[in-house]
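structure_5.tsv follows; it contains TSV, C-alpha atoms.
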chain	number	residue	atom	x	y	z
A	202	MET	CA	-18.98	-52.40	35.46
A	203	LYS	CA	-22.39	-52.82	33.84
A	204	LYS	CA	-21.63	-56.48	33.12
A	205	ILE	CA	-20.25	-57.14	36.60
A	206	ALA	CA	-23.27	-55.70	38.48
A	207	PRO	CA	-25.74	-58.38	37.33
A	208	LEU	CA	-23.21	-61.02	38.36
A	209	PHE	CA	-23.03	-59.60	41.89
A	210	THR	CA	-26.82	-59.42	42.00
A	211	PHE	CA	-27.08	-63.06	40.91
A	212	LEU	CA	-24.54	-64.18	43.53
A	213	PHE	CA	-26.28	-62.18	46.25
A	214	LEU	CA	-29.70	-63.63	45.41
A	215	SER	CA	-28.20	-67.13	45.31
A	216	LEU	CA	-26.78	-66.70	48.81
A	217	VAL	CA	-30.11	-65.40	50.15
A	218	LEU	CA	-32.01	-68.30	48.54
A	219	SER	CA	-29.50	-70.80	49.90
A	220	ALA	CA	-29.87	-69.35	53.42
A	221	GLN	CA	-33.67	-69.49	53.19
A	222	GLN	CA	-33.57	-73.09	52.02
A	223	SER	CA	-31.20	-73.96	54.87
A	224	VAL	CA	-33.64	-72.49	57.41
A	225	GLN	CA	-36.58	-74.29	55.81
A	226	THR	CA	-34.81	-77.68	55.77
A	227	GLU	CA	-33.30	-77.41	59.26
A	228	LEU	CA	-34.81	-80.01	61.57
A	229	PRO	CA	-36.69	-78.38	64.49
A	230	TYR	CA	-35.88	-79.60	67.97
A	231	LYS	CA	-39.19	-78.45	69.45
A	232	MET	CA	-41.52	-81.44	69.31
A	233	GLU	CA	-44.57	-79.29	68.62
A	234	GLU	CA	-42.94	-77.85	65.49
A	235	LEU	CA	-42.13	-81.21	63.87
A	236	THR	CA	-44.28	-82.66	61.12
A	237	ALA	CA	-44.93	-86.41	61.36
A	238	PRO	CA	-42.36	-87.24	58.63
A	239	LYS	CA	-39.79	-84.93	60.26
A	240	PHE	CA	-40.50	-86.52	63.65
A	241	LEU	CA	-39.11	-89.81	62.31
A	242	LYS	CA	-35.90	-88.02	61.33
A	243	ALA	CA	-35.80	-86.22	64.66
A	244	VAL	CA	-35.95	-89.45	66.66
A	245	GLU	CA	-33.03	-90.80	64.65
A	246	LYS	CA	-30.97	-87.62	64.85
A	247	ALA	CA	-31.61	-87.36	68.61
A	248	GLY	CA	-30.52	-90.95	69.16
A	249	GLY	CA	-33.83	-91.50	70.94
A	250	VAL	CA	-33.16	-88.70	73.46
A	251	CYS	CA	-36.01	-86.45	74.56
A	252	ILE	CA	-35.93	-83.64	77.12
A	253	ILE	CA	-39.00	-82.86	79.21
A	254	PRO	CA	-38.47	-79.34	80.63
A	255	LEU	CA	-40.68	-79.21	83.72
A	256	GLY	CA	-42.04	-75.99	85.13
A	257	ILE	CA	-45.11	-74.94	87.07
A	258	LEU	CA	-47.74	-72.19	87.23
A	259	GLU	CA	-47.21	-70.24	90.45
A	260	LYS	CA	-46.51	-66.80	91.83
A	261	HIS	CA	-42.93	-65.63	91.37
A	262	GLY	CA	-42.76	-62.63	93.65
A	263	PRO	CA	-44.67	-59.53	92.58
A	264	HIS	CA	-42.60	-59.02	89.43
A	265	LEU	CA	-42.15	-62.26	87.44
A	266	PRO	CA	-44.72	-64.18	85.35
A	267	LEU	CA	-46.54	-67.24	86.68
A	268	GLY	CA	-44.79	-69.40	84.08
A	269	THR	CA	-41.24	-68.34	85.00
A	270	ASP	CA	-40.08	-71.92	85.64
A	271	ILE	CA	-41.49	-73.02	82.27
A	272	PHE	CA	-39.65	-70.23	80.44
A	273	GLU	CA	-36.37	-71.00	82.20
A	274	SER	CA	-36.33	-74.77	81.82
A	275	ARG	CA	-37.32	-74.56	78.16
A	276	GLU	CA	-34.69	-71.92	77.38
A	277	ILE	CA	-32.00	-74.17	78.87
A	278	ALA	CA	-33.33	-77.12	76.84
A	279	PHE	CA	-33.45	-75.08	73.62
A	280	THR	CA	-29.90	-73.82	74.11
A	281	ALA	CA	-28.60	-77.34	74.78
A	282	ALA	CA	-30.46	-78.83	71.80
A	283	GLN	CA	-28.82	-76.30	69.48
A	284	THR	CA	-25.44	-77.71	70.52
A	285	GLU	CA	-26.35	-81.39	70.90
A	286	TYR	CA	-29.57	-82.25	69.09
A	287	ALA	CA	-32.43	-83.73	71.11
A	288	VAL	CA	-36.20	-83.54	70.89
A	289	VAL	CA	-37.66	-81.05	73.37
A	290	PHE	CA	-41.13	-81.83	74.72
A	291	PRO	CA	-43.72	-79.00	74.80
A	292	ALA	CA	-44.32	-76.82	77.86
A	293	TYR	CA	-45.00	-79.04	80.88
A	294	PHE	CA	-46.52	-77.69	84.09
A	295	THR	CA	-48.13	-80.65	85.90
A	296	GLY	CA	-46.03	-80.75	89.06
A	297	GLN	CA	-46.00	-80.33	92.84
A	298	ILE	CA	-46.99	-76.86	94.04
A	299	PHE	CA	-49.28	-77.30	97.06
A	300	GLU	CA	-47.21	-74.79	99.06
A	301	ALA	CA	-48.39	-71.92	96.83
A	302	LYS	CA	-52.13	-72.63	96.78
A	303	HIS	CA	-52.73	-69.48	98.85
A	304	GLN	CA	-51.39	-67.31	96.02
A	305	PRO	CA	-53.39	-66.21	92.93
A	306	GLY	CA	-52.67	-68.01	89.68
A	307	THR	CA	-51.33	-71.24	91.22
A	308	ILE	CA	-52.45	-74.43	89.47
A	309	ALA	CA	-51.96	-77.32	91.91
A	310	TYR	CA	-52.92	-80.71	90.50
A	311	SER	CA	-53.55	-83.76	92.67
A	312	ASN	CA	-50.80	-86.26	93.53
A	313	ASP	CA	-52.42	-88.94	91.40
A	314	LEU	CA	-52.69	-86.70	88.36
A	315	MET	CA	-49.15	-85.32	88.48
A	316	TRP	CA	-47.77	-88.84	88.80
A	317	LYS	CA	-49.92	-90.33	86.03
A	318	MET	CA	-49.21	-87.44	83.67
A	319	LEU	CA	-45.47	-87.90	83.93
A	320	GLU	CA	-45.66	-91.68	83.87
A	321	GLU	CA	-47.89	-91.79	80.80
A	322	THR	CA	-45.90	-89.06	79.06
A	323	CYS	CA	-42.77	-91.19	79.43
A	324	LYS	CA	-44.61	-94.27	78.14
A	325	GLU	CA	-45.96	-92.37	75.13
A	326	LEU	CA	-42.56	-90.96	74.28
A	327	SER	CA	-41.11	-94.47	74.45
A	328	ARG	CA	-43.89	-95.80	72.22
A	329	ASN	CA	-42.82	-93.16	69.70
A	330	GLY	CA	-39.17	-94.18	69.77
A	331	LEU	CA	-37.87	-91.67	72.33
A	332	LYS	CA	-36.59	-94.13	74.91
A	333	LYS	CA	-33.97	-91.99	76.65
A	334	ILE	CA	-35.87	-89.38	78.62
A	335	ILE	CA	-34.24	-86.48	80.43
A	336	LEU	CA	-36.25	-84.67	83.10
A	337	LEU	CA	-35.09	-81.05	83.23
A	338	ASN	CA	-36.55	-79.52	86.38
A	339	GLY	CA	-37.11	-75.78	86.55
A	340	HIS	CA	-39.18	-75.78	89.75
A	341	GLY	CA	-37.80	-76.31	93.27
A	342	GLY	CA	-41.05	-77.79	94.54
A	343	ASN	CA	-40.65	-80.69	92.11
A	344	THR	CA	-37.29	-81.84	93.48
A	345	SER	CA	-38.44	-84.56	95.88
A	346	PHE	CA	-41.25	-85.64	93.55
A	347	LEU	CA	-38.91	-86.15	90.59
A	348	THR	CA	-36.25	-87.94	92.63
A	349	TYR	CA	-38.89	-90.36	93.89
A	350	PHE	CA	-40.30	-90.75	90.37
A	351	CYS	CA	-36.86	-91.77	89.11
A	352	GLN	CA	-36.32	-94.16	92.00
A	353	SER	CA	-39.73	-95.71	91.29
A	354	GLN	CA	-38.56	-96.71	87.81
A	355	LEU	CA	-37.16	-99.76	89.61
A	356	ALA	CA	-40.66	-100.84	90.70
A	357	ALA	CA	-41.40	-102.33	87.28
A	358	GLN	CA	-39.37	-102.91	84.14
A	359	HIS	CA	-39.75	-100.54	81.20
A	360	ASP	CA	-38.27	-100.35	77.72
A	361	TYR	CA	-37.02	-96.81	78.37
A	362	THR	CA	-34.76	-94.98	80.81
A	363	VAL	CA	-35.45	-91.82	82.80
A	364	VAL	CA	-32.64	-89.52	83.94
A	365	LEU	CA	-33.07	-86.43	86.11
A	366	PHE	CA	-30.66	-83.71	84.98
A	367	ARG	CA	-28.61	-82.41	87.90
A	368	PRO	CA	-26.49	-79.38	86.98
A	369	GLU	CA	-23.31	-78.73	88.89
A	370	GLU	CA	-21.18	-75.66	89.39
A	371	ASN	CA	-19.68	-75.00	85.96
A	372	PRO	CA	-16.01	-73.93	86.32
A	373	LYS	CA	-16.17	-72.19	82.95
A	374	TYR	CA	-18.67	-69.62	84.23
A	375	LYS	CA	-18.30	-69.84	88.03
A	376	ASN	CA	-16.07	-66.81	88.66
A	377	GLU	CA	-17.93	-64.47	86.33
A	378	ILE	CA	-21.31	-65.50	87.74
A	379	GLU	CA	-20.11	-64.93	91.29
A	380	SER	CA	-18.70	-61.52	90.37
A	381	LEU	CA	-22.07	-60.39	89.02
A	382	LYS	CA	-24.22	-61.56	91.93
A	383	LYS	CA	-25.29	-59.01	94.56
A	384	ALA	CA	-27.88	-60.82	96.69
A	385	LYS	CA	-27.15	-62.42	100.05
A	386	LEU	CA	-30.55	-64.14	100.06
A	387	ASP	CA	-31.32	-65.49	96.61
A	388	GLY	CA	-34.10	-68.04	96.37
A	389	HIS	CA	-37.50	-68.23	94.72
A	390	ALA	CA	-38.00	-65.31	92.28
A	391	GLY	CA	-34.71	-63.89	93.50
A	392	GLU	CA	-31.72	-62.42	91.72
A	393	GLU	CA	-30.90	-65.45	89.56
A	394	GLU	CA	-34.46	-66.09	88.40
A	395	THR	CA	-35.10	-62.39	87.82
A	396	SER	CA	-31.92	-62.12	85.76
A	397	MET	CA	-32.75	-65.24	83.75
A	398	MET	CA	-36.20	-63.92	82.89
A	399	TYR	CA	-34.71	-60.51	82.07
A	400	PHE	CA	-32.47	-62.34	79.58
A	401	ILE	CA	-35.19	-64.65	78.19
A	402	ALA	CA	-38.18	-62.27	78.07
A	403	PRO	CA	-37.42	-58.83	79.54
A	404	SER	CA	-40.87	-57.48	78.65
A	405	LEU	CA	-42.41	-59.93	81.14
A	406	VAL	CA	-40.39	-58.61	84.10
A	407	ASP	CA	-42.33	-55.94	85.99
A	408	THR	CA	-39.39	-53.85	87.20
A	409	GLU	CA	-41.69	-51.34	88.93
A	410	ALA	CA	-43.05	-54.09	91.19
A	411	LEU	CA	-39.62	-55.49	92.13
A	412	ARG	CA	-39.57	-54.11	95.67
A	413	SER	CA	-43.29	-53.92	96.39
A	414	GLU	CA	-43.24	-57.04	98.61
A	415	SER	CA	-40.81	-58.45	101.14
A	416	GLY	CA	-38.90	-61.59	100.24
A	417	LEU	CA	-37.13	-61.87	103.59
A	418	ASP	CA	-37.19	-65.03	105.69
A	419	GLN	CA	-39.82	-64.73	108.46
A	420	ASN	CA	-38.58	-67.95	110.12
A	421	ARG	CA	-41.83	-68.57	112.02
A	422	LEU	CA	-40.89	-72.16	112.88
A	423	ASP	CA	-37.47	-71.36	114.32
A	424	LYS	CA	-38.37	-73.12	117.58
A	425	LEU	CA	-39.34	-76.43	115.93
A	426	PRO	CA	-36.70	-78.98	117.04
A	427	TYR	CA	-35.49	-81.87	114.89
A	428	GLY	CA	-38.49	-81.99	112.55
A	429	TYR	CA	-39.74	-81.43	109.03
A	430	THR	CA	-43.26	-80.29	108.16
A	431	GLY	CA	-44.92	-79.37	104.88
A	432	ILE	CA	-45.78	-75.88	106.07
A	433	TRP	CA	-42.06	-74.98	106.41
A	434	TRP	CA	-41.95	-72.89	103.22
A	435	TYR	CA	-45.03	-70.86	104.14
A	436	ALA	CA	-43.56	-70.31	107.59
A	437	LYS	CA	-40.47	-68.78	106.03
A	438	TYR	CA	-41.77	-67.07	102.88
A	439	PRO	CA	-45.54	-66.44	102.98
A	440	ASN	CA	-45.24	-64.03	100.03
A	441	HIS	CA	-43.87	-66.92	97.96
A	442	PHE	CA	-40.78	-64.86	97.31
A	443	ALA	CA	-37.28	-65.36	98.73
A	444	SER	CA	-34.87	-62.51	98.09
A	445	ASP	CA	-33.22	-59.49	99.66
A	446	VAL	CA	-32.24	-57.59	96.48
A	447	ASN	CA	-33.31	-58.15	92.88
A	448	PRO	CA	-31.18	-56.37	90.28
A	449	THR	CA	-32.09	-57.11	86.66
A	450	ASN	CA	-28.81	-58.31	85.18
A	451	LYS	CA	-29.21	-59.68	81.67
A	452	LYS	CA	-25.59	-60.85	81.51
A	453	LEU	CA	-26.00	-62.87	84.69
A	454	GLY	CA	-29.15	-64.45	83.29
A	455	GLU	CA	-27.40	-65.37	80.05
A	456	LEU	CA	-24.47	-67.00	81.88
A	457	LEU	CA	-26.80	-69.03	84.10
A	458	VAL	CA	-28.65	-70.37	81.05
A	459	LYS	CA	-25.41	-71.15	79.21
A	460	SER	CA	-23.88	-72.87	82.23
A	461	ASP	CA	-26.74	-75.33	82.64
A	462	ALA	CA	-27.22	-75.76	78.89
A	463	GLU	CA	-23.61	-76.83	78.34
A	464	GLU	CA	-23.87	-79.49	81.04
A	465	LEU	CA	-27.22	-80.64	79.66
A	466	ALA	CA	-25.67	-80.97	76.21
A	467	GLY	CA	-23.01	-83.20	77.76
A	468	LEU	CA	-25.71	-85.43	79.24
A	469	ILE	CA	-27.52	-85.64	75.90
A	470	LYS	CA	-24.30	-86.64	74.14
A	471	TYR	CA	-23.63	-89.34	76.73
A	472	LEU	CA	-27.10	-90.85	76.50
A	473	LYS	CA	-27.00	-90.95	72.70
A	474	THR	CA	-24.14	-93.42	72.61
A	475	ASP	CA	-23.75	-95.02	76.04
A	476	LYS	CA	-25.93	-98.01	76.96
A	477	THR	CA	-24.76	-98.53	80.52
A	478	ILE	CA	-28.06	-97.47	82.13
A	479	GLN	CA	-30.09	-99.82	79.93
A	480	GLN	CA	-27.69	-102.69	80.56
A	481	LEU	CA	-27.72	-102.16	84.33
A	482	GLN	CA	-31.51	-102.01	84.37
A	483	GLU	CA	-31.76	-105.27	82.45
A	484	GLU	CA	-29.27	-106.91	84.81
A	485	PHE	CA	-31.14	-105.58	87.85
A	486	PHE	CA	-34.56	-106.85	86.75
A	487	LYS	CA	-33.16	-110.22	85.73
A	488	LYS	CA	-31.86	-110.63	89.30
A	489	ALA	CA	-34.94	-109.02	90.87
A	490	ASN	CA	-37.22	-111.49	89.15
A	491	ASN	CA	-35.16	-114.40	90.50
A	492	PRO	CA	-33.43	-113.09	93.64
A	493	LEU	CA	-32.40	-116.58	94.86
A	494	THR	CA	-30.69	-117.49	91.61
A	495	ARG	CA	-27.04	-116.56	91.29

Will you turn the file into structure tokens for me?
Amino acid sequence: MKKIAPLFTFLFLSLVLSAQQSVQTELPYKMEELTAPKFLKAVEKAGGVCIIPLGILEKHGPHLPLGTDIFESREIAFTAAQTEYAVVFPAYFTGQIFEAKHQPGTIAYSNDLMWKMLEETCKELSRNGLKKIILLNGHGGNTSFLTYFCQSQLAAQHDYTVVLFRPEENPKYKNEIESLKKAKLDGHAGEEETSMMYFIAPSLVDTEALRSESGLDQNRLDKLPYGYTGIWWYAKYPNHFASDVNPTNKKLGELLVKSDAEELAGLIKYLKTDKTIQQLQEEFFKKANNPLTR
């Protein structure tokens, strides 16, 4: 037994050292954690795919942190990158949030700045070899802005492609998610977002403040016929909070993250190997530059 003990000790220490070396040599997916030499390897391993998780700084009811959308979009990106490697851009919060300027903590940049920031970020990523860019939106107020940004990629030819990730209902998790949900009204800072934050960073959820403000729809433009106006959100939810009940369900939050992350991983995998978007863009601009030539 005395001779065997040192052997077990040696084997145990070897396993620990091997595990430590594995952690040290593992290639980070967070762009801010990569050294310059490792960045070269990351671009190759990612197949040129980079995810920009977009959030915002705004009120999220009385109980969630201002950066909720940043936390959520990055957690989805991190989870996906662990399955299908891609480079994940650092926290990004230059987006559209004019509708929350009346609330404390909102950072609302100008139209020109939010556009230029995203445009130049894409160009800089491309210059560094990341030419397949996925926009992962975590903020509802960015939806129209990002759709238009993608459409505007056809205004001038680039050497990169931009794809807006659009998650769908994931059949793998659909039934379980529905069984866990309690809210009838679940929007901004509602049950899903509260549960996601309770899964990602429970210490940042102020459970005592959960029901200190109303998140019900005040519908103050219910008589407006056939029209859209920018003040619509404020008319409905002046507290910048849309919810009737807000249980903190960590399991629900975990499933919501996993559901989107699995679909995002599928998009990453597709973009790594498929060149259809690039080929179609090249074909489009060749014809756009000479529309009378067939």

key: 9 Å contact set for Phe279 (chain A), all atoms listed in the file, chain neighbours under 6 positions out, as a PyMOL selection string   = chain A and resi 230-231+289+462

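Near Thr284 (chain A), within a cut-off of 12 Å and counting only C-alpha atoms, sit the residues A:Tyr230, A:Ala247, A:Ile277, A:Ala278, A:Phe279, A:Lys459, A:Ala462, A:Glu463, A:Glu464, A:Leu465, A:Ala466, A:Gly467, A:Leu468, A:Ile469, A:Lys470, with same-chain residues fewer than 5 positions away left out.
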
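Here the question is which of A:Pro291, A:Thr322, A:Ala489, A:Val364 gets nearest to Ile334 (chain A) using all atoms listed in the file, and that residue is A:Val364.
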
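Each of A:Leu319, A:Val458, A:Leu258, A:Leu425 was compared to Pro368 (chain A) using all atoms listed in the file, and A:Val458 turns out to be the nearest.
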
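Closest approach to Leu331 (chain A) from the set A:Asp270, A:Glu245, A:Glu300, A:Glu377 is made by A:Glu245, with distances taken over only C-alpha atoms.
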
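Atom to atom, CA of Glu455 (chain A) and CA of Asp387 (chain A) stand 17.0 Å apart.
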
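Comparing A:Asp475, A:Glu276, A:Glu325, A:Glu233 by their smallest distance to Leu255 (chain A), the closest is A:Glu276 (using all atoms listed in the file).
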
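A straight line drawn from CA of Glu369 (chain A) to CA of Trp434 (chain A) is 24.2 Å long.
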
key: Residue among A:Leu337, A:Cys251, A:Met397, A:Leu381 lying closest to Glu285 (chain A), counting all atoms listed in the file   = A:Cys251

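Between CA of Asn450 (chain A) and CA of Tyr399 (chain A) the separation is 7.0 Å.
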
inquiry  = I'd like the contact shell of Phe290 (chain A) - 7 Å cut-off, only C-alpha atoms, skipping same-chain residues fewer than 2 positions apart - returned as a PyMOL selection string.
reply    = chain A and resi 231-232+251-254+288+292

Can you tell me which residues surround Pro229 (chain A) at a distance of at most 10 Å, considering all atoms listed in the file, apart from same-chain residues fewer than 2 positions away, and format the answer as a CSV table (one decimal) with C-alpha atoms, keeping the file's coordinate frame?
chain,number,residue,atom,x,y,z
A,224,VAL,CA,-33.6,-72.5,57.4
A,225,GLN,CA,-36.6,-74.3,55.8
A,226,THR,CA,-34.8,-77.7,55.8
A,227,GLU,CA,-33.3,-77.4,59.3
A,231,LYS,CA,-39.2,-78.4,69.4
A,232,MET,CA,-41.5,-81.4,69.3
A,233,GLU,CA,-44.6,-79.3,68.6
A,234,GLU,CA,-42.9,-77.8,65.5
A,235,LEU,CA,-42.1,-81.2,63.9
A,236,THR,CA,-44.3,-82.7,61.1
A,239,LYS,CA,-39.8,-84.9,60.3
A,240,PHE,CA,-40.5,-86.5,63.6
A,243,ALA,CA,-35.8,-86.2,64.7
A,282,ALA,CA,-30.5,-78.8,71.8
A,283,GLN,CA,-28.8,-76.3,69.5
A,286,TYR,CA,-29.6,-82.2,69.1
A,287,ALA,CA,-32.4,-83.7,71.1
A,288,VAL,CA,-36.2,-83.5,70.9
A,289,VAL,CA,-37.7,-81.0,73.4

request  = For each of A:Leu314, A:Ala402, A:Leu241, A:Leu457, take the minimum atom-to-atom distance to Ile378 (chain A), counting all atoms listed in the file, then give the residue where this is smallest.
outcome  = A:Leu457

inquiry  = Within 12 Å of (-40.3, -82.8, 93.1) (file coordinates; only C-alpha atoms), which protein or nucleic acid residues are there? I'd like them as a PyMOL selection string.
reply    = chain A and resi 255-257+295-299+312+315-316+319+336-351+365

Dump as a tab-separated table the rows for residues of region 212-312 of chain A within 10 Å of region 407-413 of chain A: closest atom pair and distance in Å with one decimal, only C-alpha atoms counted, ordered by chain and rising residue number.
residue	atom	partner	partner_atom	distance
A:Gly262	CA	A:Leu411	CA	7.9
A:Pro263	CA	A:Ala410	CA	5.8
A:His264	CA	A:Asp407	CA	4.6
A:Leu265	CA	A:Asp407	CA	6.5
A:Pro266	CA	A:Asp407	CA	8.6

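Residues within 10 Å of Gln482 (chain A), counting only C-alpha atoms and excluding same-chain residues fewer than 4 positions away, are Gln354, Leu355, Gln358, His359, Asp360, Tyr361, Thr362, Thr477, Ile478, Phe486, Lys487 and Lys488 of chain A.
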
request  = Please tell me which residues are no farther than 10 Å from (-52.9, -66.6, 92.4) in the file, counting all atoms listed in the file, and write them as a PyMOL selection string.
outcome  = chain A and resi 258-260+267+301-308
